[in-house]
Amino acid sequence: MGELRRRLRFGLLGQIILLVTILLVISLLFVSALFIRKVDEIVEEDAGNTAMAVAKIAAKDDTILQHLEERDNDEAIQQESLKIHQNSGADYVVIADTNGIRISHPEPGRIGKPTKTSNDPVLEEGKEVIYEGNGISGYAIKAKTPIKNESGDIIGVASVGFLKHNLNDQILSYLQEVIIWFLLIFIVGLVGAYLVAKRVKKLIYGLEPEEISFLFKEKETTLASIKDATIAIDRKGHITSINRRAKEIFKRKSVLEDAIDQTNLQALYQAVLADGKGKYNKYTFVAGDIYIVDASPIKEADETLGVVFTLRPETEVIDVSETIARMKQQADQMRASNHEFMNKLNTLYGLISLKQYDKALVLISEEVEEQQSVVNVLMASIKEPMIAACLLGKFNRAKELKVSLTIDESSSMNMDMRPEATEKIVTIIGNVLENALESASKHQGTKGKVFVSFTDLGQEVIVDIEDNGKRLSEKEKQAVLVDGYSTKKDADGHGIGLTIVQAALEKLHGDLYYGDSEAGGTLATIVLPKGSVENGPDERSDSGR
């Protein structure tokens, strides 16, 4: 039974056509009924007025007046009455005397007999009357008027009628025209309903209402299950779709101007609408926090109808990126150490093979002293092991690149730091220092030099990293922290390091400035407020337990 019901159920196309057809038929029938009723009223009114006009013509006819008053020639009255009947198109014209006896009638056999309907209002009161009623000839619309002589005395009555069945034939002819127009309009409406239904089906991709309802519920469930914030905005700036996480970020606002108050996100929205291209992995401030934003256009054909934003917390991406960066640094350190170790080992092997034992001992002493010197400087000047390890790794990286890395022995960074701040400082110093080493190596070769100094005196932690590599232009200094920017010619894949640096600086409320180095290259100055990196009193006491 359920299967039969499903088979008999109309689809959306059939439902639209059926609904429009029913409305069209009801409307046309209603209009047609009103039209026929109005036509019937008009025809009857016109028949009554025409009957009265013909009756007045008969009442004023000279021949009828002359012979009716004298009653000397009833045949002449009959002939004149028949003439008026034929010329007027009325169904009958009857002349009666003051006693209501017919003097003329279209059917001669009825002459001399009294009229069937009363003539009292006409003969006694002199009134002109129009009415409907049954007569000898049938149901008719009638008009009666008194016939008066020159003295004004009533000498008879003129009665004219239009039979109702003849009027119905006239109305039926009008009805036939209405039916023709009814069918024509119905066919046009039916075709229009079909075309509109097809258009609606096309706009909704041929889906039935149940399928649309399912897709809507599926979309809501999918959006709710997505951890990242997702929000869809149309061309007018109205939010058309938003998941739970996005509602938390945007405070359940419903209009773009109210929900997104960040200039850079507004600019991203306008940029996607303008060029119809997606923008991905953009670090953007939203509602007081940093998010990685993907902006994808909603397109139909070549037209952009809106934008879908996906926002991921910056911390998640940065954590992954920092982990990868640390792994890369460790790999670089191991590779550099291995490379350097193999070089030294081969040299020692050669010296020993040549029995140059004194020179071998000198080489070993220099290597130990150099490494120990760097370690001593780092241990004396930096309290946090992770930062010291980062600089030691970069020292080995410099040796691999055959670049001189010098750490100012007067540098100092001996304060207690929060673990999360330490991780971000390692990220910042590691990336900026790596850029300096690569720049010095690329532009100066084995003459490349990099200098590092740092201090935590005062209210800020300041780290200076300068090289004798490429000197940045003013334009490059302004653009260097733009997402994905890189000064390398093979920029594909580069620039993300500086983007991570920017995000880490934002978290620590720090700044990065680029200037000219006295060595001929670039000077990078990292400035971090102590309040954003230093352990508070409670944290220091806890860590000391």
# chains A, B, ... in the order shown; residues from 1 in each chain; ligands from 1

$ select_by_dssp --residues "segment 421-468 of chain A" --states "strand (DSSP E)" --output "number ranges by chain"
A: 449-455, 460-467

$ closest_residue --among "A:Lys470, A:His238, A:Lys198, A:Lys449" --to "Lys399 of chain A" --atoms "only C-alpha atoms"
A:Lys449

$ residues_around --residues "Ala33 of chain A" --least-positions-apart "6" --cutoff "12 Å" --atoms "only C-alpha atoms" --output "ChimeraX atom specification"
/A:25-27,39-40,175,178-179,182

$ residues_around --residues "Ile101 of chain A" --least-positions-apart "5" --cutoff "6 Å" --atoms "only C-alpha atoms" --output "PyMOL selection string"
chain A and resi 96+112-114

$ write_last_selection --atoms "C-alpha atoms" --output "PDB file, in the first residue's frame"
ATOM      1  CA  ALA A  96     -55.277  46.609 -26.303  1.00  0.00           C
ATOM      2  CA  GLY A 112     -60.323  39.967 -29.349  1.00  0.00           C
ATOM      3  CA  LYS A 113     -59.276  38.167 -26.211  1.00  0.00           C
ATOM      4  CA  PRO A 114     -58.241  39.838 -22.956  1.00  0.00           C
TER       5      PRO A 114
END

$ residues_around --residues "Met415 of chain A" --least-positions-apart "5" --cutoff "10 Å" --atoms "only C-alpha atoms" --output "mmCIF file with N, CA and C atoms, in the first residue's frame"
data_model
loop_
_atom_site.group_PDB
_atom_site.id
_atom_site.type_symbol
_atom_site.label_atom_id
_atom_site.label_comp_id
_atom_site.auth_asym_id
_atom_site.auth_seq_id
_atom_site.Cartn_x
_atom_site.Cartn_y
_atom_site.Cartn_z
ATOM 1 N N ILE A 382 72.772 32.560 28.480
ATOM 2 C CA ILE A 382 71.368 32.189 28.261
ATOM 3 C C ILE A 382 70.945 31.168 29.302
ATOM 4 N N LYS A 383 69.862 31.473 29.990
ATOM 5 C CA LYS A 383 69.375 30.577 31.040
ATOM 6 C C LYS A 383 68.514 29.447 30.475
ATOM 7 N N GLU A 384 67.771 29.745 29.382
ATOM 8 C CA GLU A 384 66.850 28.750 28.835
ATOM 9 C C GLU A 384 67.599 27.794 27.911
ATOM 10 N N ASP A 456 68.594 41.326 27.976
ATOM 11 C CA ASP A 456 67.294 41.410 28.659
ATOM 12 C C ASP A 456 67.308 42.520 29.705
ATOM 13 N N LEU A 457 68.254 43.474 29.548
ATOM 14 C CA LEU A 457 68.264 44.625 30.436
ATOM 15 C C LEU A 457 67.092 45.531 30.102
ATOM 16 N N VAL A 461 63.210 42.399 25.922
ATOM 17 C CA VAL A 461 64.254 41.490 25.434
ATOM 18 C C VAL A 461 64.537 41.890 23.999
ATOM 19 N N LYS A 530 59.104 42.191 28.182
ATOM 20 C CA LYS A 530 59.371 41.179 29.200
ATOM 21 C C LYS A 530 58.077 40.599 29.785
ATOM 22 N N VAL A 533 56.856 37.424 28.097
ATOM 23 C CA VAL A 533 57.655 36.206 28.024
ATOM 24 C C VAL A 533 58.104 35.720 29.398
ATOM 25 N N GLU A 534 58.157 36.611 30.373
ATOM 26 C CA GLU A 534 58.738 36.279 31.663
ATOM 27 C C GLU A 534 57.728 35.568 32.546
ATOM 28 N N ASN A 535 58.235 34.627 33.345
ATOM 29 C CA ASN A 535 57.400 33.964 34.340
ATOM 30 C C ASN A 535 56.975 34.952 35.406
#

$ residues_around --residues "Phe395 of chain A" --least-positions-apart "3" --cutoff "9 Å" --atoms "only C-alpha atoms" --output "mmCIF file with C-alpha atoms, in the first residue's frame"
data_model
loop_
_atom_site.group_PDB
_atom_site.id
_atom_site.type_symbol
_atom_site.label_atom_id
_atom_site.label_comp_id
_atom_site.auth_asym_id
_atom_site.auth_seq_id
_atom_site.Cartn_x
_atom_site.Cartn_y
_atom_site.Cartn_z
ATOM 1 C CA GLN A 333 72.095 20.314 12.999
ATOM 2 C CA VAL A 374 80.624 28.474 22.019
ATOM 3 C CA CYS A 390 68.837 26.626 18.988
ATOM 4 C CA LEU A 391 71.876 28.935 18.753
ATOM 5 C CA LEU A 392 74.287 26.017 19.055
ATOM 6 C CA ALA A 398 76.908 28.143 9.815
ATOM 7 C CA LYS A 399 79.901 25.814 9.670
ATOM 8 C CA GLU A 400 78.071 23.701 7.091
ATOM 9 C CA SER A 404 81.148 32.782 10.198
ATOM 10 C CA LEU A 405 78.612 33.014 13.063
ATOM 11 C CA THR A 406 79.708 35.211 15.965
#

$ closest_residue --among "A:Asn166, A:Ser532, A:Gln15, A:Asn343" --to "Thr422 of chain A" --atoms "only C-alpha atoms"
A:Ser532

$ atom_distance --atom1 "atom CA of Val93 of chain A" --atom2 "atom CA of Gln170 of chain A"
20.0 Å

$ select_by_dssp --residues "segment 44-200 of chain A" --states "helix (DSSP H, G or I)" --output "MDAnalysis selection string"
chainID A and resid 44:59 62:70 74:88 108:110 120:125 164:200

$ decode --residues "segment 9-29 of chain A" --atoms "N, CA and C atoms" --output "PDB file, in the first residue's frame"
ATOM      1  N   ARG A   9       2.085   9.358  -5.980  1.00  0.00           N
ATOM      2  CA  ARG A   9       2.409  10.705  -5.527  1.00  0.00           C
ATOM      3  C   ARG A   9       3.109  11.481  -6.632  1.00  0.00           C
ATOM      4  N   PHE A  10       2.656  12.717  -6.841  1.00  0.00           N
ATOM      5  CA  PHE A  10       3.251  13.570  -7.855  1.00  0.00           C
ATOM      6  C   PHE A  10       4.616  14.061  -7.404  1.00  0.00           C
ATOM      7  N   GLY A  11       5.496  14.243  -8.383  1.00  0.00           N
ATOM      8  CA  GLY A  11       6.750  14.932  -8.108  1.00  0.00           C
ATOM      9  C   GLY A  11       6.503  16.430  -8.051  1.00  0.00           C
ATOM     10  N   LEU A  12       7.580  17.187  -7.806  1.00  0.00           N
ATOM     11  CA  LEU A  12       7.441  18.645  -7.697  1.00  0.00           C
ATOM     12  C   LEU A  12       6.907  19.237  -8.992  1.00  0.00           C
ATOM     13  N   LEU A  13       7.399  18.756 -10.135  1.00  0.00           N
ATOM     14  CA  LEU A  13       6.935  19.264 -11.434  1.00  0.00           C
ATOM     15  C   LEU A  13       5.430  19.044 -11.580  1.00  0.00           C
ATOM     16  N   GLY A  14       4.977  17.828 -11.285  1.00  0.00           N
ATOM     17  CA  GLY A  14       3.547  17.533 -11.392  1.00  0.00           C
ATOM     18  C   GLY A  14       2.713  18.323 -10.408  1.00  0.00           C
ATOM     19  N   GLN A  15       3.230  18.492  -9.184  1.00  0.00           N
ATOM     20  CA  GLN A  15       2.492  19.258  -8.172  1.00  0.00           C
ATOM     21  C   GLN A  15       2.315  20.708  -8.590  1.00  0.00           C
ATOM     22  N   ILE A  16       3.390  21.308  -9.131  1.00  0.00           N
ATOM     23  CA  ILE A  16       3.295  22.712  -9.566  1.00  0.00           C
ATOM     24  C   ILE A  16       2.280  22.837 -10.694  1.00  0.00           C
ATOM     25  N   ILE A  17       2.371  21.928 -11.685  1.00  0.00           N
ATOM     26  CA  ILE A  17       1.432  21.979 -12.820  1.00  0.00           C
ATOM     27  C   ILE A  17       0.002  21.764 -12.335  1.00  0.00           C
ATOM     28  N   LEU A  18      -0.207  20.796 -11.439  1.00  0.00           N
ATOM     29  CA  LEU A  18      -1.553  20.524 -10.926  1.00  0.00           C
ATOM     30  C   LEU A  18      -2.096  21.718 -10.160  1.00  0.00           C
ATOM     31  N   LEU A  19      -1.258  22.306  -9.298  1.00  0.00           N
ATOM     32  CA  LEU A  19      -1.697  23.450  -8.501  1.00  0.00           C
ATOM     33  C   LEU A  19      -2.076  24.624  -9.404  1.00  0.00           C
ATOM     34  N   VAL A  20      -1.183  24.936 -10.367  1.00  0.00           N
ATOM     35  CA  VAL A  20      -1.473  26.057 -11.281  1.00  0.00           C
ATOM     36  C   VAL A  20      -2.724  25.766 -12.094  1.00  0.00           C
ATOM     37  N   THR A  21      -2.891  24.510 -12.525  1.00  0.00           N
ATOM     38  CA  THR A  21      -4.071  24.140 -13.318  1.00  0.00           C
ATOM     39  C   THR A  21      -5.350  24.325 -12.513  1.00  0.00           C
ATOM     40  N   ILE A  22      -5.351  23.851 -11.267  1.00  0.00           N
ATOM     41  CA  ILE A  22      -6.543  23.997 -10.425  1.00  0.00           C
ATOM     42  C   ILE A  22      -6.863  25.469 -10.184  1.00  0.00           C
ATOM     43  N   LEU A  23      -5.839  26.256  -9.848  1.00  0.00           N
ATOM     44  CA  LEU A  23      -6.059  27.689  -9.627  1.00  0.00           C
ATOM     45  C   LEU A  23      -6.561  28.364 -10.896  1.00  0.00           C
ATOM     46  N   LEU A  24      -6.005  27.955 -12.039  1.00  0.00           N
ATOM     47  CA  LEU A  24      -6.413  28.546 -13.319  1.00  0.00           C
ATOM     48  C   LEU A  24      -7.867  28.213 -13.631  1.00  0.00           C
ATOM     49  N   VAL A  25      -8.256  26.947 -13.450  1.00  0.00           N
ATOM     50  CA  VAL A  25      -9.631  26.531 -13.740  1.00  0.00           C
ATOM     51  C   VAL A  25     -10.616  27.247 -12.810  1.00  0.00           C
ATOM     52  N   ILE A  26     -10.288  27.270 -11.502  1.00  0.00           N
ATOM     53  CA  ILE A  26     -11.180  27.933 -10.549  1.00  0.00           C
ATOM     54  C   ILE A  26     -11.321  29.413 -10.891  1.00  0.00           C
ATOM     55  N   SER A  27     -10.191  30.063 -11.207  1.00  0.00           N
ATOM     56  CA  SER A  27     -10.222  31.491 -11.529  1.00  0.00           C
ATOM     57  C   SER A  27     -11.030  31.749 -12.785  1.00  0.00           C
ATOM     58  N   LEU A  28     -10.799  30.934 -13.824  1.00  0.00           N
ATOM     59  CA  LEU A  28     -11.524  31.138 -15.088  1.00  0.00           C
ATOM     60  C   LEU A  28     -13.016  30.858 -14.925  1.00  0.00           C
ATOM     61  N   LEU A  29     -13.346  29.802 -14.165  1.00  0.00           N
ATOM     62  CA  LEU A  29     -14.763  29.506 -13.945  1.00  0.00           C
ATOM     63  C   LEU A  29     -15.443  30.630 -13.166  1.00  0.00           C
TER      64      LEU A  29
END
